[in-house]
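Peer 1: My structure is stored as model.cif, with mmCIF, C-alpha atoms and all ligand atoms.
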data_my_file
#
loop_
_atom_site.label_atom_id
_atom_site.label_comp_id
_atom_site.auth_asym_id
_atom_site.auth_seq_id
_atom_site.Cartn_x
_atom_site.Cartn_y
_atom_site.Cartn_z
CA MET A 23 158.85 -57.34 -25.01
CA SER A 24 159.26 -59.25 -21.79
CA TYR A 25 158.00 -62.59 -20.58
CA PRO A 26 157.12 -64.33 -17.35
CA GLY A 27 159.74 -66.46 -15.63
CA PRO A 28 159.51 -68.94 -12.75
CA ARG A 29 158.35 -67.65 -9.42
CA PRO A 30 161.23 -67.38 -6.92
CA PRO A 31 161.00 -69.72 -3.91
CA SER A 32 158.78 -68.43 -1.11
CA ALA A 33 160.27 -67.27 2.18
CA LEU A 34 158.83 -70.40 3.86
CA TRP A 35 160.50 -72.69 1.33
CA ARG A 36 163.81 -70.85 1.68
CA LEU A 37 163.69 -71.58 5.41
CA ALA A 38 162.23 -75.09 5.29
CA GLY A 39 163.98 -76.32 2.12
CA PRO A 40 167.47 -76.96 3.56
CA LEU A 41 165.97 -78.64 6.62
CA MET A 42 163.79 -80.90 4.47
CA ARG A 43 166.71 -81.80 2.22
CA ALA A 44 168.85 -82.59 5.28
CA THR A 45 166.25 -84.92 6.78
CA GLU A 46 164.72 -86.55 3.70
CA GLY A 47 167.65 -88.97 3.45
CA LEU A 48 166.75 -90.23 6.93
CA VAL A 49 163.04 -90.63 6.22
CA PHE A 50 163.37 -91.91 2.64
CA PRO A 51 166.78 -93.56 2.21
CA PRO A 52 168.07 -92.58 -1.26
CA VAL A 53 167.57 -95.13 -4.02
CA CYS A 54 168.43 -95.13 -7.73
CA VAL A 55 165.53 -93.60 -9.67
CA ALA A 56 165.95 -96.15 -12.46
CA CYS A 57 166.34 -99.48 -10.61
CA ALA A 58 165.57 -98.67 -6.93
CA GLU A 59 168.97 -99.95 -5.72
CA PRO A 60 169.96 -98.18 -2.48
CA LEU A 61 172.46 -95.38 -3.00
CA PRO A 62 175.39 -94.91 -0.64
CA ALA A 63 174.77 -91.35 0.60
CA MET A 64 172.95 -88.25 -0.40
CA ALA A 65 175.04 -85.13 -0.70
CA GLU A 66 174.23 -82.48 -3.30
CA ARG A 67 171.16 -83.45 -5.31
CA HIS A 68 172.79 -81.75 -8.29
CA GLU A 69 175.12 -84.71 -8.87
CA GLU A 70 174.19 -87.65 -11.09
CA ALA A 71 175.54 -90.12 -8.52
CA ASN A 72 172.86 -88.99 -6.08
CA TRP A 73 170.11 -90.02 -8.49
CA PHE A 74 171.48 -93.06 -10.32
CA CYS A 75 173.48 -96.09 -9.21
CA GLN A 76 176.75 -96.72 -11.04
CA ALA A 77 175.32 -99.73 -12.91
CA CYS A 78 172.52 -97.60 -14.37
CA LEU A 79 174.86 -94.71 -15.16
CA ASP A 80 177.02 -97.19 -17.07
CA THR A 81 174.08 -98.28 -19.25
CA ILE A 82 173.09 -94.71 -20.16
CA GLU A 83 174.44 -94.05 -23.67
CA PRO A 84 175.77 -90.50 -23.97
CA GLN A 85 175.40 -88.66 -27.28
CA VAL A 86 178.96 -88.27 -28.43
CA PRO A 87 180.48 -87.04 -31.70
CA PRO A 88 180.44 -87.65 -34.56
CA TYR A 89 176.90 -86.36 -34.88
CA CYS A 90 175.04 -84.20 -37.37
CA SER A 91 175.99 -80.55 -36.91
CA LYS A 92 172.34 -79.55 -37.28
CA CYS A 93 170.02 -82.15 -35.73
CA GLY A 94 172.49 -84.08 -33.55
CA GLU A 95 171.82 -87.50 -35.13
CA MET A 96 174.72 -89.74 -34.10
CA TYR A 97 176.86 -91.66 -36.59
CA ASP A 98 179.40 -94.43 -36.39
CA GLY A 99 182.82 -93.88 -37.78
CA ALA A 100 185.23 -91.02 -38.00
CA PHE A 101 184.16 -87.70 -39.49
CA THR A 102 186.58 -84.86 -39.29
CA ASN A 103 184.42 -82.11 -40.81
CA ALA A 104 181.01 -80.83 -39.74
CA PHE A 105 178.30 -82.61 -41.76
CA ARG A 106 174.55 -82.70 -42.29
CA CYS A 107 172.79 -86.06 -42.08
CA SER A 108 170.12 -87.78 -44.13
CA ASN A 109 167.59 -87.25 -41.29
CA CYS A 110 167.50 -83.50 -41.77
CA GLU A 111 169.03 -82.85 -45.18
CA GLY A 112 165.67 -82.36 -46.90
CA LEU A 113 164.12 -80.43 -44.00
CA LYS A 114 164.43 -76.74 -43.36
CA LEU A 115 165.26 -76.73 -39.67
CA GLU A 116 165.00 -73.25 -38.19
CA PHE A 117 167.03 -73.79 -35.02
CA ASP A 118 170.80 -73.23 -35.13
CA PHE A 119 171.57 -76.74 -33.91
CA ALA A 120 170.24 -79.44 -31.58
CA VAL A 121 172.11 -81.41 -28.93
CA ALA A 122 170.88 -84.25 -26.74
CA ALA A 123 172.44 -85.65 -23.58
CA CYS A 124 171.73 -89.35 -24.12
CA THR A 125 170.28 -91.86 -26.51
CA ALA A 126 166.59 -92.66 -25.86
CA ARG A 127 167.24 -96.25 -24.80
CA GLY A 128 167.33 -98.30 -21.60
CA PRO A 129 166.79 -96.47 -18.31
CA VAL A 130 166.53 -93.02 -19.92
CA ARG A 131 163.69 -94.04 -22.22
CA GLU A 132 161.95 -95.74 -19.31
CA LEU A 133 162.36 -92.70 -17.01
CA ILE A 134 161.01 -90.27 -19.60
CA HIS A 135 158.03 -92.53 -20.14
CA ARG A 136 157.27 -92.74 -16.41
CA PHE A 137 157.77 -88.98 -16.04
CA LYS A 138 155.48 -87.99 -18.92
CA TYR A 139 152.78 -90.60 -19.08
CA GLY A 140 152.94 -91.98 -15.53
CA ARG A 141 152.81 -88.47 -14.03
CA ARG A 142 155.89 -89.19 -11.92
CA LEU A 143 156.78 -85.57 -11.43
CA HIS A 144 159.54 -86.32 -8.92
CA LEU A 145 161.64 -87.72 -11.79
CA ARG A 146 162.10 -84.26 -13.28
CA ALA A 147 165.21 -83.46 -11.22
CA SER A 148 167.02 -86.66 -12.22
CA LEU A 149 166.24 -85.96 -15.90
CA ALA A 150 167.38 -82.34 -15.54
CA VAL A 151 170.64 -83.61 -14.04
CA LEU A 152 171.17 -85.65 -17.23
CA LEU A 153 170.04 -82.74 -19.42
CA ARG A 154 172.74 -80.58 -17.83
CA ARG A 155 175.36 -82.68 -19.69
CA VAL A 156 174.53 -80.85 -22.94
CA LEU A 157 175.91 -77.60 -21.54
CA GLU A 158 179.38 -79.19 -21.79
CA GLU A 159 179.00 -79.57 -25.54
CA GLU A 160 181.84 -78.04 -27.57
CA ARG A 161 179.66 -75.26 -29.05
CA LEU A 162 178.05 -74.33 -25.69
CA LYS A 163 180.70 -74.77 -23.04
CA HIS A 164 182.51 -71.51 -23.80
CA GLU A 165 179.31 -69.44 -23.91
CA ASP A 166 178.21 -67.19 -21.07
CA LEU A 167 175.01 -69.18 -20.62
CA ALA A 168 173.79 -67.00 -17.74
CA GLN A 169 172.90 -64.46 -20.45
CA TRP A 170 170.89 -67.03 -22.39
CA LEU A 171 167.27 -67.98 -21.70
CA LEU A 172 165.75 -71.44 -21.14
CA VAL A 173 162.43 -71.74 -22.99
CA PRO A 174 160.17 -74.82 -22.91
CA VAL A 175 158.36 -76.31 -25.90
CA PRO A 176 154.75 -75.55 -24.88
CA LEU A 177 151.87 -78.00 -24.75
CA HIS A 178 148.40 -77.15 -25.93
CA PRO A 179 146.33 -76.16 -22.84
CA GLU A 180 144.07 -79.23 -23.27
CA ARG A 181 147.03 -81.58 -23.33
CA GLU A 182 148.62 -79.80 -20.38
CA SER A 183 145.48 -80.06 -18.27
CA ASP A 184 145.25 -83.81 -19.10
CA ARG A 185 148.86 -84.36 -18.09
CA GLU A 186 148.69 -81.83 -15.25
CA PHE A 187 152.09 -80.40 -16.15
CA ASN A 188 154.31 -79.54 -19.10
CA GLN A 189 157.33 -81.83 -18.94
CA SER A 190 159.52 -79.33 -20.83
CA TRP A 191 158.77 -76.52 -18.39
CA GLU A 192 159.46 -78.79 -15.43
CA LEU A 193 162.87 -79.63 -16.93
CA CYS A 194 163.55 -75.94 -17.59
CA MET A 195 162.83 -74.96 -14.02
CA ARG A 196 165.05 -77.68 -12.57
CA LEU A 197 167.88 -76.85 -14.96
CA ALA A 198 167.48 -73.18 -14.02
CA GLN A 199 167.87 -74.13 -10.36
CA PHE A 200 171.01 -76.18 -11.03
CA THR A 201 172.71 -73.66 -13.31
CA GLY A 202 171.33 -70.18 -12.65
CA ILE A 203 170.32 -69.79 -16.32
CA PRO A 204 167.00 -67.89 -16.33
CA ALA A 205 163.87 -69.63 -17.68
CA ALA A 206 160.63 -68.27 -19.08
CA GLU A 207 157.47 -69.61 -20.74
CA VAL A 208 157.76 -67.51 -23.86
CA LEU A 209 155.71 -69.61 -26.28
CA GLU A 210 152.19 -70.95 -26.28
CA ARG A 211 150.61 -73.64 -28.38
CA THR A 212 147.39 -72.53 -30.04
CA LEU A 213 146.63 -75.59 -32.18
CA PRO A 214 146.34 -79.08 -30.71
CA THR A 215 148.42 -81.95 -32.10
CA VAL A 216 146.74 -83.51 -35.10
CA LYS A 217 147.17 -87.08 -36.29
CA GLN A 218 150.17 -87.03 -38.60
CA ALA A 219 150.58 -90.75 -39.24
CA ASN A 220 149.83 -90.59 -42.97
CA LEU A 221 151.93 -87.55 -43.69
CA ASN A 222 155.50 -87.42 -44.87
CA ARG A 223 158.01 -85.33 -42.97
CA ARG A 224 157.70 -82.25 -45.08
CA GLN A 225 153.89 -82.35 -44.80
CA ARG A 226 154.20 -82.81 -41.04
CA GLN A 227 156.36 -79.73 -40.88
CA GLU A 228 153.83 -77.71 -42.89
CA ASN A 229 151.07 -79.05 -40.65
CA LEU A 230 152.70 -77.40 -37.63
CA ARG A 231 152.65 -73.93 -39.20
CA GLY A 232 150.76 -71.56 -36.93
CA ALA A 233 150.65 -74.04 -34.02
CA PHE A 234 152.75 -71.77 -31.77
CA ARG A 235 152.87 -68.10 -30.97
CA ILE A 236 154.60 -65.73 -28.56
CA ARG A 237 152.77 -65.58 -25.25
CA GLN A 238 151.66 -62.09 -24.34
CA PRO A 239 152.87 -61.14 -20.86
CA ARG A 240 150.15 -60.16 -18.38
CA TRP A 241 150.26 -57.34 -15.90
CA TRP A 242 150.64 -59.73 -12.95
CA HIS A 243 153.81 -61.34 -14.36
CA ARG A 244 156.44 -59.87 -12.10
CA HIS A 245 159.58 -61.76 -13.13
CA VAL A 246 159.98 -61.00 -16.78
CA GLN A 247 162.69 -61.74 -19.34
CA GLU A 248 163.61 -59.84 -22.49
CA LEU A 249 163.45 -61.93 -25.69
CA LYS A 250 164.62 -59.62 -28.45
CA GLY A 251 168.25 -60.23 -29.40
CA ARG A 252 168.46 -63.05 -26.84
CA LYS A 253 170.12 -66.44 -27.27
CA ILE A 254 167.69 -69.23 -26.45
CA LEU A 255 168.09 -72.78 -25.15
CA LEU A 256 164.85 -74.41 -26.31
CA VAL A 257 164.16 -77.34 -23.98
CA ASP A 258 162.31 -80.59 -24.66
CA ASP A 259 162.47 -84.13 -23.29
CA VAL A 260 163.12 -86.01 -26.56
CA LEU A 261 164.07 -84.90 -30.05
CA THR A 262 163.06 -87.10 -32.96
CA THR A 263 162.69 -85.39 -36.35
CA GLY A 264 163.02 -81.85 -34.97
CA SER A 265 159.87 -80.58 -36.75
CA THR A 266 158.20 -79.27 -33.58
CA THR A 267 161.30 -77.58 -32.19
CA SER A 268 162.03 -76.13 -35.63
CA GLU A 269 158.60 -74.48 -35.75
CA CYS A 270 159.12 -73.12 -32.21
CA ALA A 271 162.52 -71.74 -33.26
CA ARG A 272 160.98 -70.05 -36.30
CA VAL A 273 158.44 -68.23 -34.10
CA LEU A 274 161.08 -67.28 -31.51
CA LYS A 275 163.24 -65.72 -34.22
CA ASN A 276 160.64 -64.20 -36.53
CA ALA A 277 158.01 -63.00 -34.07
CA GLY A 278 160.15 -62.75 -30.95
CA GLY A 279 163.39 -61.39 -32.44
CA ALA A 280 165.58 -64.02 -30.75
CA GLU A 281 169.12 -64.03 -32.11
CA LYS A 282 169.92 -67.72 -31.79
CA VAL A 283 167.99 -70.88 -30.86
CA VAL A 284 169.76 -74.03 -29.74
CA VAL A 285 167.58 -77.07 -28.98
CA ILE A 286 168.59 -79.11 -25.94
CA THR A 287 166.93 -82.40 -25.01
CA VAL A 288 167.49 -85.15 -22.48
CA ALA A 289 167.32 -87.79 -25.18
CA ARG A 290 167.65 -88.32 -28.91
CA GLY A 291 164.90 -90.61 -30.24
ZN ZN A 301 170.20 -98.11 -10.84
ZN ZN A 302 170.81 -84.04 -39.16
#
Can you turn what I pasted into structure tokens?
Peer 2:
Amino acid sequence: MSYPGPRPPSALWRLAGPLMRATEGLVFPPVCVACAEPLPAMAERHEEANWFCQACLDTIEPQVPPYCSKCGEMYDGAFTNAFRCSNCEGLKLEFDFAVAACTARGPVRELIHRFKYGRRLHLRASLAVLLRRVLEEERLKHEDLAQWLLVPVPLHPERESDREFNQSWELCMRLAQFTGIPAAEVLERTLPTVKQANLNRRQRQENLRGAFRIRQPRWWHRHVQELKGRKILLVDDVLTTGSTTSECARVLKNAGGAEKVVVITVARG
């Protein structure tokens, strides 16, 4: 079965895009997206230094080993062997593993908040630039990622129409632009988020059962991607317990026939 991917840029955008990028630095001098300090110059927008000042880049905490081989939870100290952590030991997580680019603190936490709840859509590229760091992870950097598929965690249609966009899909599309890895909206959310405050983690996980399903491609979807046997990079902004991404991974594997699902997020909560 095949699925819709992002629309390729229109002919007008292909012509006007480079011109706009060349002149936007003159009209809007580049500033750091986190602290609004002026930036020296704007070259390729794919580089972190063209989105963040050095002071802000220095305060961003990268996710570095040792971390849990399953959920990516970071630990102090020296571990030589792969280990599972207390965060996910009792949970059945269906993805192969999860990696995050940074810790959800300081400017990253603030940016994600502005992006998601403040509807600051222009922040998506700077977050995707940070997200790209995960592709350098030991278990991913030797993979031929062009053969993989970027898939967003879907929002329920009601939530998406409130927010006016799905933050995960926006990150997918920007990462696809930066890397050439194809992206497709393979999943849909059929049940809205329910209040889970009084539930323990296992109950929360059970509560998500049936919340997602494979999206059926329509006849007008021209740019389609095969899912069966595919390796998937499941994209979200923040990973906390991993319950939601685990349920998405279960559906991608069981109903979609995906071979492998690796969760990648900008931040680890
Ligand atoms: Zn800054
Ligand atoms: Zn873990």
Peer 1: Which residues are near ligand ZN 301 (chain A) - at most 7 Å, using all atoms listed in the file? Format: as an mmCIF file with C-alpha atoms, in the frame of the given file.
Peer 2:
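Result file is result_9.cif:
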data_model
loop_
_atom_site.group_PDB
_atom_site.id
_atom_site.type_symbol
_atom_site.label_atom_id
_atom_site.label_comp_id
_atom_site.auth_asym_id
_atom_site.auth_seq_id
_atom_site.Cartn_x
_atom_site.Cartn_y
_atom_site.Cartn_z
ATOM 1 C CA CYS A 54 168.430 -95.130 -7.730
ATOM 2 C CA VAL A 55 165.530 -93.600 -9.670
ATOM 3 C CA ALA A 56 165.950 -96.150 -12.460
ATOM 4 C CA CYS A 57 166.340 -99.480 -10.610
ATOM 5 C CA ALA A 58 165.570 -98.670 -6.930
ATOM 6 C CA GLU A 59 168.970 -99.950 -5.720
ATOM 7 C CA PHE A 74 171.480 -93.060 -10.320
ATOM 8 C CA CYS A 75 173.480 -96.090 -9.210
ATOM 9 C CA GLN A 76 176.750 -96.720 -11.040
ATOM 10 C CA ALA A 77 175.320 -99.730 -12.910
ATOM 11 C CA CYS A 78 172.520 -97.600 -14.370
#
Peer 1: Counting all atoms listed in the file, which residues of chain A sit at most 12 Å from some atom of ligand ZN 302 (chain A), and what is each one's closest atom pair with its distance in Å to one decimal, listed by chain and rising residue number, as CSV?
Peer 2:
residue,atom,partner,partner_atom,distance
A:Pro88,CA,A:ZN302,ZN,11.3
A:Tyr89,CA,A:ZN302,ZN,7.8
A:Cys90,CA,A:ZN302,ZN,4.6
A:Ser91,CA,A:ZN302,ZN,6.6
A:Lys92,CA,A:ZN302,ZN,5.1
A:Cys93,CA,A:ZN302,ZN,4.0
A:Gly94,CA,A:ZN302,ZN,5.9
A:Glu95,CA,A:ZN302,ZN,5.4
A:Met96,CA,A:ZN302,ZN,8.6
A:Tyr97,CA,A:ZN302,ZN,10.1
A:Ala104,CA,A:ZN302,ZN,10.7
A:Phe105,CA,A:ZN302,ZN,8.1
A:Arg106,CA,A:ZN302,ZN,5.1
A:Cys107,CA,A:ZN302,ZN,4.1
A:Ser108,CA,A:ZN302,ZN,6.3
A:Asn109,CA,A:ZN302,ZN,5.0
A:Cys110,CA,A:ZN302,ZN,4.2
A:Glu111,CA,A:ZN302,ZN,6.4
A:Gly112,CA,A:ZN302,ZN,9.4
A:Leu113,CA,A:ZN302,ZN,9.0
A:Lys114,CA,A:ZN302,ZN,10.6
A:Leu115,CA,A:ZN302,ZN,9.2
A:Phe117,CA,A:ZN302,ZN,11.7
A:Asp118,CA,A:ZN302,ZN,11.5
A:Phe119,CA,A:ZN302,ZN,9.0
A:Ala120,CA,A:ZN302,ZN,8.9
A:Val121,CA,A:ZN302,ZN,10.6
A:Leu261,CA,A:ZN302,ZN,11.4
A:Thr262,CA,A:ZN302,ZN,10.4
A:Thr263,CA,A:ZN302,ZN,8.7
A:Gly264,CA,A:ZN302,ZN,9.1
A:Ser265,CA,A:ZN302,ZN,11.7
A:Arg290,CA,A:ZN302,ZN,11.5
Peer 1: Please produce a file of those selected residues containing C-alpha atoms, as an mmCIF file, keeping the file's coordinate frame.
Peer 2:
data_model
loop_
_atom_site.group_PDB
_atom_site.id
_atom_site.type_symbol
_atom_site.label_atom_id
_atom_site.label_comp_id
_atom_site.auth_asym_id
_atom_site.auth_seq_id
_atom_site.Cartn_x
_atom_site.Cartn_y
_atom_site.Cartn_z
ATOM 1 C CA PRO A 88 180.440 -87.650 -34.560
ATOM 2 C CA TYR A 89 176.900 -86.360 -34.880
ATOM 3 C CA CYS A 90 175.040 -84.200 -37.370
ATOM 4 C CA SER A 91 175.990 -80.550 -36.910
ATOM 5 C CA LYS A 92 172.340 -79.550 -37.280
ATOM 6 C CA CYS A 93 170.020 -82.150 -35.730
ATOM 7 C CA GLY A 94 172.490 -84.080 -33.550
ATOM 8 C CA GLU A 95 171.820 -87.500 -35.130
ATOM 9 C CA MET A 96 174.720 -89.740 -34.100
ATOM 10 C CA TYR A 97 176.860 -91.660 -36.590
ATOM 11 C CA ALA A 104 181.010 -80.830 -39.740
ATOM 12 C CA PHE A 105 178.300 -82.610 -41.760
ATOM 13 C CA ARG A 106 174.550 -82.700 -42.290
ATOM 14 C CA CYS A 107 172.790 -86.060 -42.080
ATOM 15 C CA SER A 108 170.120 -87.780 -44.130
ATOM 16 C CA ASN A 109 167.590 -87.250 -41.290
ATOM 17 C CA CYS A 110 167.500 -83.500 -41.770
ATOM 18 C CA GLU A 111 169.030 -82.850 -45.180
ATOM 19 C CA GLY A 112 165.670 -82.360 -46.900
ATOM 20 C CA LEU A 113 164.120 -80.430 -44.000
ATOM 21 C CA LYS A 114 164.430 -76.740 -43.360
ATOM 22 C CA LEU A 115 165.260 -76.730 -39.670
ATOM 23 C CA PHE A 117 167.030 -73.790 -35.020
ATOM 24 C CA ASP A 118 170.800 -73.230 -35.130
ATOM 25 C CA PHE A 119 171.570 -76.740 -33.910
ATOM 26 C CA ALA A 120 170.240 -79.440 -31.580
ATOM 27 C CA VAL A 121 172.110 -81.410 -28.930
ATOM 28 C CA LEU A 261 164.070 -84.900 -30.050
ATOM 29 C CA THR A 262 163.060 -87.100 -32.960
ATOM 30 C CA THR A 263 162.690 -85.390 -36.350
ATOM 31 C CA GLY A 264 163.020 -81.850 -34.970
ATOM 32 C CA SER A 265 159.870 -80.580 -36.750
ATOM 33 C CA ARG A 290 167.650 -88.320 -28.910
#
Peer 1: Which residues, written as a VMD selection string, have at least one atom at most 12 Å from Pro176 of chain A, with all atoms listed in the file counted and residues fewer than 5 positions away on the same chain left out?
Peer 2: chain A and resid 181 to 182 187 to 192 194 206 to 215 233 to 237 256 to 259 266 to 267 269 to 270
Peer 1: Work out how far apart atom CA of Asn276 of chain A and atom CA of Ala198 of chain A are and give it in Å to one decimal.
Peer 2: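 Going from atom CA of Asn276 of chain A over to atom CA of Ala198 of chain A covers 25.2 Å.
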Peer 1: Using all atoms listed in the file for the distances, tell me which of A:Asp98, A:Glu180, A:Glu116, A:Gly128 is nearest to Lys282 of chain A.
Peer 2: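 Closest to Lys282 of chain A of all the choices is A:Glu116.
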Peer 1: Counting all atoms listed in the file, find residues at most 6 Å from (164.9, -81.2, -9.1) (file frame) and give them as a PyMOL selection string.
Peer 2: chain A and resi 146-147+196
Peer 1: From the options A:Ser183, A:Ser148, A:Asn220, A:Gln247, which residue's atoms come nearest to Leu133 of chain A, counting all atoms listed in the file?
Peer 2: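 Closest candidate: A:Ser148.
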Peer 1: Could you check how far atom CA of Pro87 of chain A sits from atom CA of Leu157 of chain A, in Å to one decimal?
Peer 2: 14.6 Å
Peer 1: Let me make sure I understand: among A:Glu248, A:Glu132, A:Glu83, A:Glu69, which one has the smallest atom-to-atom distance to Gln169 of chain A if we use all atoms listed in the file?
Peer 2: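 With all atoms listed in the file as the atom set, the closest residue is A:Glu248.
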Peer 1: Interatomic distance between atom CA of Ile82 of chain A and atom CA of Leu162 of chain A?
Peer 2: 21.7 Å
Peer 1: Counting only C-alpha atoms, which of A:Leu61, A:Arg240, A:Arg161, A:Leu255 gets nearest to Leu197 of chain A?
Peer 2: A:Leu255
Peer 1: Identify which of the residues A:Glu281, A:Ala205, A:Leu171, A:Ser268 lies closest to Arg226 of chain A, counting all atoms listed in the file when measuring atom-to-atom distances.
Peer 2: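 Closest candidate: A:Ser268.
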Peer 1: Identify which of the residues A:Pro129, A:Pro174, A:Pro62, A:Pro52 lies closest to Thr287 of chain A, counting all atoms listed in the file when measuring atom-to-atom distances.
Peer 2: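 Smallest separation from Thr287 of chain A among the options: A:Pro174.
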